[in-house]
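Asker: entry.cif is reproduced below (mmCIF, C-alpha atoms).
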data_structure
loop_
_atom_site.label_atom_id
_atom_site.label_comp_id
_atom_site.auth_asym_id
_atom_site.auth_seq_id
_atom_site.Cartn_x
_atom_site.Cartn_y
_atom_site.Cartn_z
CA MET A 1 177.29 78.51 77.33
CA LEU A 2 174.38 76.09 77.22
CA ALA A 3 175.92 74.12 80.10
CA VAL A 4 176.04 77.28 82.26
CA VAL A 5 172.34 78.01 81.60
CA TYR A 6 171.45 74.37 82.30
CA ASN A 7 173.40 74.37 85.58
CA ARG A 8 171.68 77.58 86.71
CA LEU A 9 168.32 76.02 85.92
CA LEU A 10 169.21 72.95 87.99
CA GLU A 11 170.40 75.12 90.89
CA THR A 12 167.14 77.07 90.82
CA ARG A 13 165.09 73.88 90.76
CA HIS A 14 166.92 72.39 93.70
CA LYS A 15 166.68 75.46 95.93
CA GLN A 16 164.43 74.72 98.84
CA MET A 17 161.18 76.62 98.83
CA PRO A 18 160.34 78.61 101.95
CA ILE A 19 158.49 76.80 104.70
CA LEU A 20 155.38 78.83 105.47
CA ASN A 21 153.98 79.36 108.96
CA ILE A 22 150.88 77.22 109.58
CA LEU A 23 148.20 78.94 111.63
CA GLU A 24 146.92 76.94 114.60
CA PHE A 25 143.48 76.73 116.18
CA PRO A 26 142.03 78.90 117.72
CA ASP A 27 143.70 81.60 115.57
CA PRO A 28 140.79 83.74 114.26
CA ARG A 29 142.44 84.06 110.83
CA LEU A 30 141.50 80.40 110.23
CA ARG A 31 137.86 81.57 110.12
CA THR A 32 138.42 83.86 107.12
CA VAL A 33 136.57 82.76 103.98
CA ALA A 34 138.99 82.53 101.04
CA LYS A 35 138.43 84.45 97.83
CA PRO A 36 138.51 82.84 94.38
CA VAL A 37 141.73 83.04 92.38
CA THR A 38 141.06 85.36 89.44
CA LYS A 39 144.19 84.50 87.44
CA VAL A 40 146.54 81.53 87.71
CA ASP A 41 149.94 83.15 87.21
CA ASP A 42 153.51 82.80 88.48
CA ARG A 43 152.50 84.27 91.85
CA ILE A 44 149.89 81.52 92.35
CA ARG A 45 152.30 78.82 91.11
CA ALA A 46 154.93 80.07 93.60
CA LEU A 47 152.31 79.89 96.37
CA VAL A 48 151.48 76.32 95.30
CA ASP A 49 155.17 75.35 95.39
CA ASP A 50 155.65 76.91 98.84
CA MET A 51 152.51 75.20 100.12
CA LEU A 52 153.64 71.81 98.84
CA GLU A 53 157.05 72.25 100.48
CA THR A 54 155.35 73.30 103.74
CA MET A 55 152.91 70.37 103.63
CA TYR A 56 155.68 67.81 103.00
CA HIS A 57 157.85 69.36 105.72
CA ALA A 58 155.03 69.36 108.33
CA PRO A 59 154.36 66.42 107.33
CA GLY A 60 150.78 66.30 106.12
CA ILE A 61 148.61 65.06 103.25
CA GLY A 62 146.74 68.30 102.57
CA LEU A 63 147.08 72.03 103.08
CA ALA A 64 144.75 74.92 102.26
CA ALA A 65 146.08 78.41 101.58
CA SER A 66 143.93 79.69 104.47
CA GLN A 67 146.10 77.67 106.84
CA VAL A 68 149.15 79.72 105.83
CA ASP A 69 147.27 83.03 106.10
CA VAL A 70 146.73 83.43 102.35
CA HIS A 71 143.00 83.72 101.85
CA LEU A 72 142.73 82.46 98.28
CA ARG A 73 140.95 79.27 97.16
CA VAL A 74 144.05 77.10 96.73
CA VAL A 75 144.61 73.58 98.08
CA VAL A 76 147.51 71.15 97.76
CA MET A 77 147.36 67.46 98.61
CA ASP A 78 149.41 64.30 98.23
CA LEU A 79 147.95 60.99 99.40
CA SER A 80 150.83 58.85 98.10
CA GLU A 81 153.13 56.97 100.46
CA ASP A 82 156.27 58.50 98.95
CA ALA A 83 155.12 62.12 98.37
CA SER A 84 155.25 61.61 94.61
CA GLU A 85 151.71 62.52 93.55
CA PRO A 86 151.00 66.18 94.37
CA ILE A 87 147.51 67.40 93.56
CA VAL A 88 146.71 71.09 93.12
CA LEU A 89 143.16 72.40 93.43
CA ILE A 90 142.51 76.02 92.54
CA ASN A 91 138.95 77.31 93.07
CA PRO A 92 137.70 73.81 93.96
CA GLU A 93 133.96 73.13 94.01
CA ILE A 94 132.33 69.89 95.06
CA GLU A 95 129.01 68.17 94.67
CA VAL A 96 128.01 65.22 96.87
CA LEU A 97 127.07 62.31 94.59
CA ASP A 98 125.34 59.98 97.03
CA SER A 99 124.17 59.90 100.62
CA ASP A 100 126.77 57.35 101.79
CA THR A 101 129.17 58.71 104.36
CA CYS A 102 132.40 57.35 105.71
CA PRO A 103 133.69 57.96 109.20
CA ASN A 104 137.37 58.81 109.22
CA GLN A 105 139.73 59.74 111.96
CA GLU A 106 140.88 63.22 110.93
CA GLY A 107 143.80 65.26 112.05
CA CYS A 108 144.89 68.68 110.89
CA LEU A 109 148.11 70.64 110.63
CA SER A 110 146.20 73.56 112.20
CA VAL A 111 145.05 71.41 115.13
CA PRO A 112 148.30 69.54 115.86
CA GLY A 113 148.23 66.40 117.95
CA PHE A 114 144.47 65.86 117.90
CA TYR A 115 142.56 63.22 115.94
CA GLU A 116 138.80 62.73 115.99
CA THR A 117 136.28 60.79 113.92
CA VAL A 118 134.31 62.90 111.44
CA GLU A 119 131.58 61.73 109.03
CA ARG A 120 131.89 63.04 105.49
CA ALA A 121 130.46 62.18 102.08
CA ALA A 122 132.14 59.09 100.64
CA HIS A 123 131.71 60.05 96.97
CA ILE A 124 131.88 63.53 95.46
CA ARG A 125 132.38 65.29 92.17
CA LEU A 126 135.18 67.86 92.13
CA ASN A 127 135.67 70.68 89.65
CA ALA A 128 138.84 72.75 89.94
CA LEU A 129 141.73 74.32 88.09
CA ASP A 130 145.18 72.72 88.12
CA ARG A 131 148.55 74.44 88.67
CA GLU A 132 148.45 75.82 85.13
CA GLY A 133 144.86 77.08 85.37
CA ILE A 134 143.42 74.23 83.29
CA PRO A 135 139.97 73.05 84.44
CA PHE A 136 139.51 69.40 85.41
CA GLU A 137 136.91 67.16 87.01
CA LEU A 138 137.29 64.12 89.28
CA GLU A 139 134.89 61.80 91.09
CA PRO A 140 136.96 60.80 94.13
CA GLU A 141 135.81 58.39 96.79
CA ASP A 142 136.80 57.50 100.34
CA LEU A 143 140.07 59.04 101.62
CA MET A 144 140.57 61.40 98.67
CA ALA A 145 136.95 62.61 98.91
CA VAL A 146 137.33 63.13 102.66
CA CYS A 147 140.62 65.01 102.28
CA ILE A 148 139.17 67.31 99.62
CA GLN A 149 136.16 68.12 101.81
CA HIS A 150 138.44 68.77 104.82
CA GLU A 151 140.60 71.21 102.82
CA ILE A 152 137.64 72.99 101.22
CA ASP A 153 136.24 73.47 104.72
CA HIS A 154 139.41 75.46 105.50
CA LEU A 155 138.73 77.70 102.50
CA ASP A 156 135.26 78.29 103.93
CA GLY A 157 136.62 79.20 107.39
CA LYS A 158 135.68 75.87 108.96
CA LEU A 159 137.79 73.33 110.87
CA PHE A 160 137.24 69.65 111.57
CA VAL A 161 136.76 70.52 115.26
CA ASP A 162 133.52 72.26 114.24
CA TYR A 163 132.03 68.78 113.66
CA LEU A 164 132.75 67.78 117.27
CA SER A 165 130.70 68.35 120.39
CA THR A 166 131.15 71.71 122.10
CA PHE A 167 132.80 69.90 125.01
CA LYS A 168 135.45 68.23 122.80
CA ARG A 169 136.08 71.39 120.78
CA ASP A 170 136.51 73.51 123.94
CA ARG A 171 138.84 70.91 125.48
CA ILE A 172 141.05 70.94 122.36
CA LYS A 173 140.98 74.75 122.28
CA LYS A 174 142.07 75.03 125.92
CA LYS A 175 144.90 72.52 125.48
CA LEU A 176 146.23 74.33 122.40
CA GLU A 177 145.92 77.76 124.05
CA LYS A 178 147.91 76.44 127.01
CA LEU A 179 150.54 75.00 124.66
CA HIS A 180 150.78 78.31 122.77
CA ARG A 181 151.21 80.26 126.01
CA ARG A 182 154.05 77.94 127.06
CA GLN A 183 155.74 78.37 123.68
CA ASP A 184 155.45 82.15 123.93
CA GLU A 185 157.12 82.28 127.36
CA PRO A 186 160.76 83.40 127.40
CA ALA A 187 163.21 80.54 127.86
#
Any chance you could put this one into structure tokens?
Answerer:
Amino acid sequence: MLAVVYNRLLETRHKQMPILNILEFPDPRLRTVAKPVTKVDDRIRALVDDMLETMYHAPGIGLAASQVDVHLRVVVMDLSEDASEPIVLINPEIEVLDSDTCPNQEGCLSVPGFYETVERAAHIRLNALDREGIPFELEPEDLMAVCIQHEIDHLDGKLFVDYLSTFKRDRIKKKLEKLHRRQDEPA
């Protein structure tokens, strides 16, 4: 009997989570400001699992719930080479710790195929809840700090293209709109 229960548990664990649809710029839903999570429960943990599966499948290193049309303050990230170090940020808040910035070439799952240099704080303090709702604090630097700021921007209805000149942002917008029109045409 115990073996049957154990096998069912293994089957459940190895079922693939659904891949969520990632909204793409200039979709207006990306501009929605996310609301705080009031209770970390099984529904939020399922969202986290689906977001991680979607992020790995895309592939990407970060994904905000806003990008999958769920307007709650939830972020998943994994900066490891082998996708073995998932990070979950629920209701993340940051504080910039010094004035040093680092320019990084950023891309985004919601702005596919485009990469531009953006200046962000190099050292921040992060306060958030983990997957179980337990509060934690980090003081990330460099790439992790940049990634966290990029994803929190999504929760605030902002995209990395907002840091670019109007000319560059409009050019990216037009190219993506053209691509979307082509994809929507019947075959």
Asker: Within 9 Å of stretch 121-139 of chain A, which residues of stretch 49-100 of chain A show up? Give each one with its shortest atom-to-atom distance in Å (one decimal) and the two atoms involved, counting only C-alpha atoms, rows by chain then rising residue number, as CSV.
Answerer:
residue,atom,partner,partner_atom,distance
A:Ile87,CA,A:Asp130,CA,8.0
A:Val88,CA,A:Asp130,CA,5.5
A:Leu89,CA,A:Ala128,CA,5.6
A:Ile90,CA,A:Leu129,CA,4.8
A:Asn91,CA,A:Ala128,CA,5.5
A:Pro92,CA,A:Ala128,CA,4.3
A:Glu93,CA,A:Asn127,CA,5.3
A:Ile94,CA,A:Leu126,CA,4.6
A:Glu95,CA,A:Arg125,CA,5.1
A:Val96,CA,A:Ile124,CA,4.5
A:Leu97,CA,A:Ile124,CA,5.0
A:Asp98,CA,A:His123,CA,6.4
A:Ser99,CA,A:Ala121,CA,6.8
A:Asp100,CA,A:Ala122,CA,5.8
Asker: To test your reading of the syntax: which residues would the PyMOL selection byres ((chain A and resi 143-157) around 8) return for the file shown? Reply as a PyMOL selection string.
Answerer: chain A and resi 30-34+62-67+71-75+79+92+94+104+120-124+140-142+158-160
Asker: Next, the residues of the selection above should be written as a short mmCIF file (atom, residue, chain, number, x, y, z; two decimals), in the frame of the given file with C-alpha atoms.
Answerer:
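The new file result_1.cif reads:
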data_model
loop_
_atom_site.label_atom_id
_atom_site.label_comp_id
_atom_site.auth_asym_id
_atom_site.auth_seq_id
_atom_site.Cartn_x
_atom_site.Cartn_y
_atom_site.Cartn_z
CA LEU A 30 141.50 80.40 110.23
CA ARG A 31 137.86 81.57 110.12
CA THR A 32 138.42 83.86 107.12
CA VAL A 33 136.57 82.76 103.98
CA ALA A 34 138.99 82.53 101.04
CA GLY A 62 146.74 68.30 102.57
CA LEU A 63 147.08 72.03 103.08
CA ALA A 64 144.75 74.92 102.26
CA ALA A 65 146.08 78.41 101.58
CA SER A 66 143.93 79.69 104.47
CA GLN A 67 146.10 77.67 106.84
CA HIS A 71 143.00 83.72 101.85
CA LEU A 72 142.73 82.46 98.28
CA ARG A 73 140.95 79.27 97.16
CA VAL A 74 144.05 77.10 96.73
CA VAL A 75 144.61 73.58 98.08
CA LEU A 79 147.95 60.99 99.40
CA PRO A 92 137.70 73.81 93.96
CA ILE A 94 132.33 69.89 95.06
CA ASN A 104 137.37 58.81 109.22
CA ARG A 120 131.89 63.04 105.49
CA ALA A 121 130.46 62.18 102.08
CA ALA A 122 132.14 59.09 100.64
CA HIS A 123 131.71 60.05 96.97
CA ILE A 124 131.88 63.53 95.46
CA PRO A 140 136.96 60.80 94.13
CA GLU A 141 135.81 58.39 96.79
CA ASP A 142 136.80 57.50 100.34
CA LYS A 158 135.68 75.87 108.96
CA LEU A 159 137.79 73.33 110.87
CA PHE A 160 137.24 69.65 111.57
#
Asker: Set the distance at 9 Å and use only C-alpha atoms: which residues neighbour A:Gly107 once local chain neighbours fewer than 3 positions away are removed? I'd like the list as a list in words.
Answerer: Ser110, Val111, Pro112, Gly113, Phe114, Tyr115, Glu116, Thr117 and Phe160 of chain A
Asker: Translate the PyMOL selection byres ((chain A and resi 23) around 10), as applied to the file shown, into an explicit residue set as an MDAnalysis selection string.
Answerer: chainID A and resid 20:22 24:30 66:69 109:111
Asker: Have a look at atom CA of A:Ile19 and atom CA of A:Glu53 and let me know their distance in Å, one decimal.
Answerer: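 About the pair atom CA of A:Ile19 and atom CA of A:Glu53: they are 6.4 Å apart.
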Asker: Taking the structure I provided as the source, export stretch 14-142 of chain A with C-alpha atoms, as a PDB file, in the first residue's frame.
Answerer:
ATOM      1  CA  HIS A  14       6.964  14.448 -12.474  1.00  0.00           C
ATOM      2  CA  LYS A  15       3.887  15.779 -14.264  1.00  0.00           C
ATOM      3  CA  GLN A  16       4.840  18.767 -16.324  1.00  0.00           C
ATOM      4  CA  MET A  17       3.390  22.027 -15.115  1.00  0.00           C
ATOM      5  CA  PRO A  18       1.444  24.084 -17.629  1.00  0.00           C
ATOM      6  CA  ILE A  19       3.403  26.523 -19.746  1.00  0.00           C
ATOM      7  CA  LEU A  20       1.790  29.927 -19.308  1.00  0.00           C
ATOM      8  CA  ASN A  21       1.346  32.464 -22.103  1.00  0.00           C
ATOM      9  CA  ILE A  22       3.860  35.315 -21.825  1.00  0.00           C
ATOM     10  CA  LEU A  23       2.457  38.715 -22.758  1.00  0.00           C
ATOM     11  CA  GLU A  24       4.526  40.669 -25.278  1.00  0.00           C
ATOM     12  CA  PHE A  25       5.148  44.386 -25.656  1.00  0.00           C
ATOM     13  CA  PRO A  26       3.147  46.511 -26.472  1.00  0.00           C
ATOM     14  CA  ASP A  27       0.312  44.553 -24.799  1.00  0.00           C
ATOM     15  CA  PRO A  28      -1.375  47.083 -22.455  1.00  0.00           C
ATOM     16  CA  ARG A  29      -1.816  44.431 -19.737  1.00  0.00           C
ATOM     17  CA  LEU A  30       1.953  44.682 -19.136  1.00  0.00           C
ATOM     18  CA  ARG A  31       1.292  48.187 -17.752  1.00  0.00           C
ATOM     19  CA  THR A  32      -0.964  46.922 -14.941  1.00  0.00           C
ATOM     20  CA  VAL A  33       0.473  47.483 -11.458  1.00  0.00           C
ATOM     21  CA  ALA A  34       0.461  44.211  -9.502  1.00  0.00           C
ATOM     22  CA  LYS A  35      -1.270  43.887  -6.150  1.00  0.00           C
ATOM     23  CA  PRO A  36       0.420  42.467  -3.041  1.00  0.00           C
ATOM     24  CA  VAL A  37      -0.148  38.810  -2.200  1.00  0.00           C
ATOM     25  CA  THR A  38      -2.271  38.727   0.959  1.00  0.00           C
ATOM     26  CA  LYS A  39      -1.777  35.033   1.752  1.00  0.00           C
ATOM     27  CA  VAL A  40       0.837  32.575   0.516  1.00  0.00           C
ATOM     28  CA  ASP A  41      -1.211  29.424  -0.013  1.00  0.00           C
ATOM     29  CA  ASP A  42      -1.386  26.459  -2.403  1.00  0.00           C
ATOM     30  CA  ARG A  43      -2.801  28.706  -5.139  1.00  0.00           C
ATOM     31  CA  ILE A  44       0.252  30.991  -4.956  1.00  0.00           C
ATOM     32  CA  ARG A  45       2.640  28.012  -4.772  1.00  0.00           C
ATOM     33  CA  ALA A  46       0.978  26.526  -7.890  1.00  0.00           C
ATOM     34  CA  LEU A  47       1.420  29.883  -9.655  1.00  0.00           C
ATOM     35  CA  VAL A  48       5.106  29.883  -8.631  1.00  0.00           C
ATOM     36  CA  ASP A  49       5.565  26.348 -10.003  1.00  0.00           C
ATOM     37  CA  ASP A  50       3.849  27.238 -13.291  1.00  0.00           C
ATOM     38  CA  MET A  51       5.928  30.401 -13.598  1.00  0.00           C
ATOM     39  CA  LEU A  52       9.172  28.516 -13.013  1.00  0.00           C
ATOM     40  CA  GLU A  53       8.228  25.929 -15.631  1.00  0.00           C
ATOM     41  CA  THR A  54       7.324  28.726 -18.072  1.00  0.00           C
ATOM     42  CA  MET A  55      10.557  30.626 -17.383  1.00  0.00           C
ATOM     43  CA  TYR A  56      12.732  27.531 -17.887  1.00  0.00           C
ATOM     44  CA  HIS A  57      10.829  26.592 -21.045  1.00  0.00           C
ATOM     45  CA  ALA A  58      11.133  30.105 -22.580  1.00  0.00           C
ATOM     46  CA  PRO A  59      14.156  30.051 -21.631  1.00  0.00           C
ATOM     47  CA  GLY A  60      14.797  32.984 -19.329  1.00  0.00           C
ATOM     48  CA  ILE A  61      16.401  33.901 -16.006  1.00  0.00           C
ATOM     49  CA  GLY A  62      13.468  35.806 -14.522  1.00  0.00           C
ATOM     50  CA  LEU A  63       9.709  36.096 -14.839  1.00  0.00           C
ATOM     51  CA  ALA A  64       7.186  38.337 -13.091  1.00  0.00           C
ATOM     52  CA  ALA A  65       3.572  37.276 -12.627  1.00  0.00           C
ATOM     53  CA  SER A  66       2.509  40.400 -14.555  1.00  0.00           C
ATOM     54  CA  GLN A  67       4.147  38.926 -17.652  1.00  0.00           C
ATOM     55  CA  VAL A  68       1.735  35.974 -17.543  1.00  0.00           C
ATOM     56  CA  ASP A  69      -1.298  38.210 -16.940  1.00  0.00           C
ATOM     57  CA  VAL A  70      -1.515  37.514 -13.204  1.00  0.00           C
ATOM     58  CA  HIS A  71      -1.279  40.864 -11.486  1.00  0.00           C
ATOM     59  CA  LEU A  72       0.114  39.777  -8.134  1.00  0.00           C
ATOM     60  CA  ARG A  73       3.539  40.693  -6.724  1.00  0.00           C
ATOM     61  CA  VAL A  74       5.284  37.396  -7.491  1.00  0.00           C
ATOM     62  CA  VAL A  75       8.661  36.920  -9.204  1.00  0.00           C
ATOM     63  CA  VAL A  76      10.687  33.811 -10.033  1.00  0.00           C
ATOM     64  CA  MET A  77      14.337  33.807 -11.053  1.00  0.00           C
ATOM     65  CA  ASP A  78      17.205  31.396 -11.597  1.00  0.00           C
ATOM     66  CA  LEU A  79      20.640  32.759 -12.462  1.00  0.00           C
ATOM     67  CA  SER A  80      22.407  29.380 -12.338  1.00  0.00           C
ATOM     68  CA  GLU A  81      23.895  27.799 -15.457  1.00  0.00           C
ATOM     69  CA  ASP A  82      21.997  24.541 -14.948  1.00  0.00           C
ATOM     70  CA  ALA A  83      18.589  25.839 -13.756  1.00  0.00           C
ATOM     71  CA  SER A  84      19.183  24.402 -10.295  1.00  0.00           C
ATOM     72  CA  GLU A  85      18.790  27.473  -8.070  1.00  0.00           C
ATOM     73  CA  PRO A  86      15.241  28.829  -8.342  1.00  0.00           C
ATOM     74  CA  ILE A  87      14.523  31.969  -6.344  1.00  0.00           C
ATOM     75  CA  VAL A  88      10.993  33.003  -5.406  1.00  0.00           C
ATOM     76  CA  LEU A  89      10.165  36.580  -4.437  1.00  0.00           C
ATOM     77  CA  ILE A  90       6.694  37.316  -3.120  1.00  0.00           C
ATOM     78  CA  ASN A  91       5.876  40.970  -2.355  1.00  0.00           C
ATOM     79  CA  PRO A  92       9.484  42.025  -3.047  1.00  0.00           C
ATOM     80  CA  GLU A  93      10.658  45.461  -1.918  1.00  0.00           C
ATOM     81  CA  ILE A  94      14.059  46.958  -2.610  1.00  0.00           C
ATOM     82  CA  GLU A  95      16.221  49.733  -1.280  1.00  0.00           C
ATOM     83  CA  VAL A  96      19.209  51.062  -3.243  1.00  0.00           C
ATOM     84  CA  LEU A  97      22.290  50.839  -0.998  1.00  0.00           C
ATOM     85  CA  ASP A  98      24.758  53.001  -2.904  1.00  0.00           C
ATOM     86  CA  SER A  99      24.881  55.277  -5.907  1.00  0.00           C
ATOM     87  CA  ASP A 100      27.021  52.943  -8.043  1.00  0.00           C
ATOM     88  CA  THR A 101      25.271  51.713 -11.155  1.00  0.00           C
ATOM     89  CA  CYS A 102      26.148  48.988 -13.577  1.00  0.00           C
ATOM     90  CA  PRO A 103      25.265  49.019 -17.250  1.00  0.00           C
ATOM     91  CA  ASN A 104      23.928  45.679 -18.412  1.00  0.00           C
ATOM     92  CA  GLN A 105      22.606  44.499 -21.693  1.00  0.00           C
ATOM     93  CA  GLU A 106      19.038  43.487 -20.843  1.00  0.00           C
ATOM     94  CA  GLY A 107      16.592  41.364 -22.710  1.00  0.00           C
ATOM     95  CA  CYS A 108      13.090  40.362 -21.724  1.00  0.00           C
ATOM     96  CA  LEU A 109      10.716  37.488 -22.392  1.00  0.00           C
ATOM     97  CA  SER A 110       8.038  40.141 -23.032  1.00  0.00           C
ATOM     98  CA  VAL A 111      10.239  41.942 -25.573  1.00  0.00           C
ATOM     99  CA  PRO A 112      11.628  38.931 -27.463  1.00  0.00           C
ATOM    100  CA  GLY A 113      14.686  39.325 -29.635  1.00  0.00           C
ATOM    101  CA  PHE A 114      15.730  42.769 -28.396  1.00  0.00           C
ATOM    102  CA  TYR A 115      18.658  43.588 -26.118  1.00  0.00           C
ATOM    103  CA  GLU A 116      19.653  47.064 -24.969  1.00  0.00           C
ATOM    104  CA  THR A 117      21.971  48.503 -22.333  1.00  0.00           C
ATOM    105  CA  VAL A 118      20.226  49.766 -19.200  1.00  0.00           C
ATOM    106  CA  GLU A 119      21.819  51.378 -16.124  1.00  0.00           C
ATOM    107  CA  ARG A 120      20.587  50.050 -12.791  1.00  0.00           C
ATOM    108  CA  ALA A 121      21.737  50.150  -9.175  1.00  0.00           C
ATOM    109  CA  ALA A 122      24.612  47.738  -8.595  1.00  0.00           C
ATOM    110  CA  HIS A 123      23.833  47.021  -4.924  1.00  0.00           C
ATOM    111  CA  ILE A 124      20.409  46.767  -3.311  1.00  0.00           C
ATOM    112  CA  ARG A 125      18.693  45.412  -0.236  1.00  0.00           C
ATOM    113  CA  LEU A 126      15.774  43.076  -0.935  1.00  0.00           C
ATOM    114  CA  ASN A 127      12.985  42.120   1.450  1.00  0.00           C
ATOM    115  CA  ALA A 128      10.505  39.500   0.291  1.00  0.00           C
ATOM    116  CA  LEU A 129       8.611  36.359   1.198  1.00  0.00           C
ATOM    117  CA  ASP A 130       9.729  32.956  -0.072  1.00  0.00           C
ATOM    118  CA  ARG A 131       7.563  30.191  -1.569  1.00  0.00           C
ATOM    119  CA  GLU A 132       6.315  29.259   1.902  1.00  0.00           C
ATOM    120  CA  GLY A 133       5.540  32.842   2.939  1.00  0.00           C
ATOM    121  CA  ILE A 134       8.618  33.162   5.160  1.00  0.00           C
ATOM    122  CA  PRO A 135      10.215  36.634   5.127  1.00  0.00           C
ATOM    123  CA  PHE A 136      13.863  36.963   4.093  1.00  0.00           C
ATOM    124  CA  GLU A 137      16.391  39.665   3.273  1.00  0.00           C
ATOM    125  CA  LEU A 138      19.275  39.719   0.786  1.00  0.00           C
ATOM    126  CA  GLU A 139      21.844  42.295  -0.301  1.00  0.00           C
ATOM    127  CA  PRO A 140      22.466  41.255  -3.911  1.00  0.00           C
ATOM    128  CA  GLU A 141      24.925  42.944  -6.220  1.00  0.00           C
ATOM    129  CA  ASP A 142      25.568  43.097  -9.955  1.00  0.00           C
TER     130      ASP A 142
END
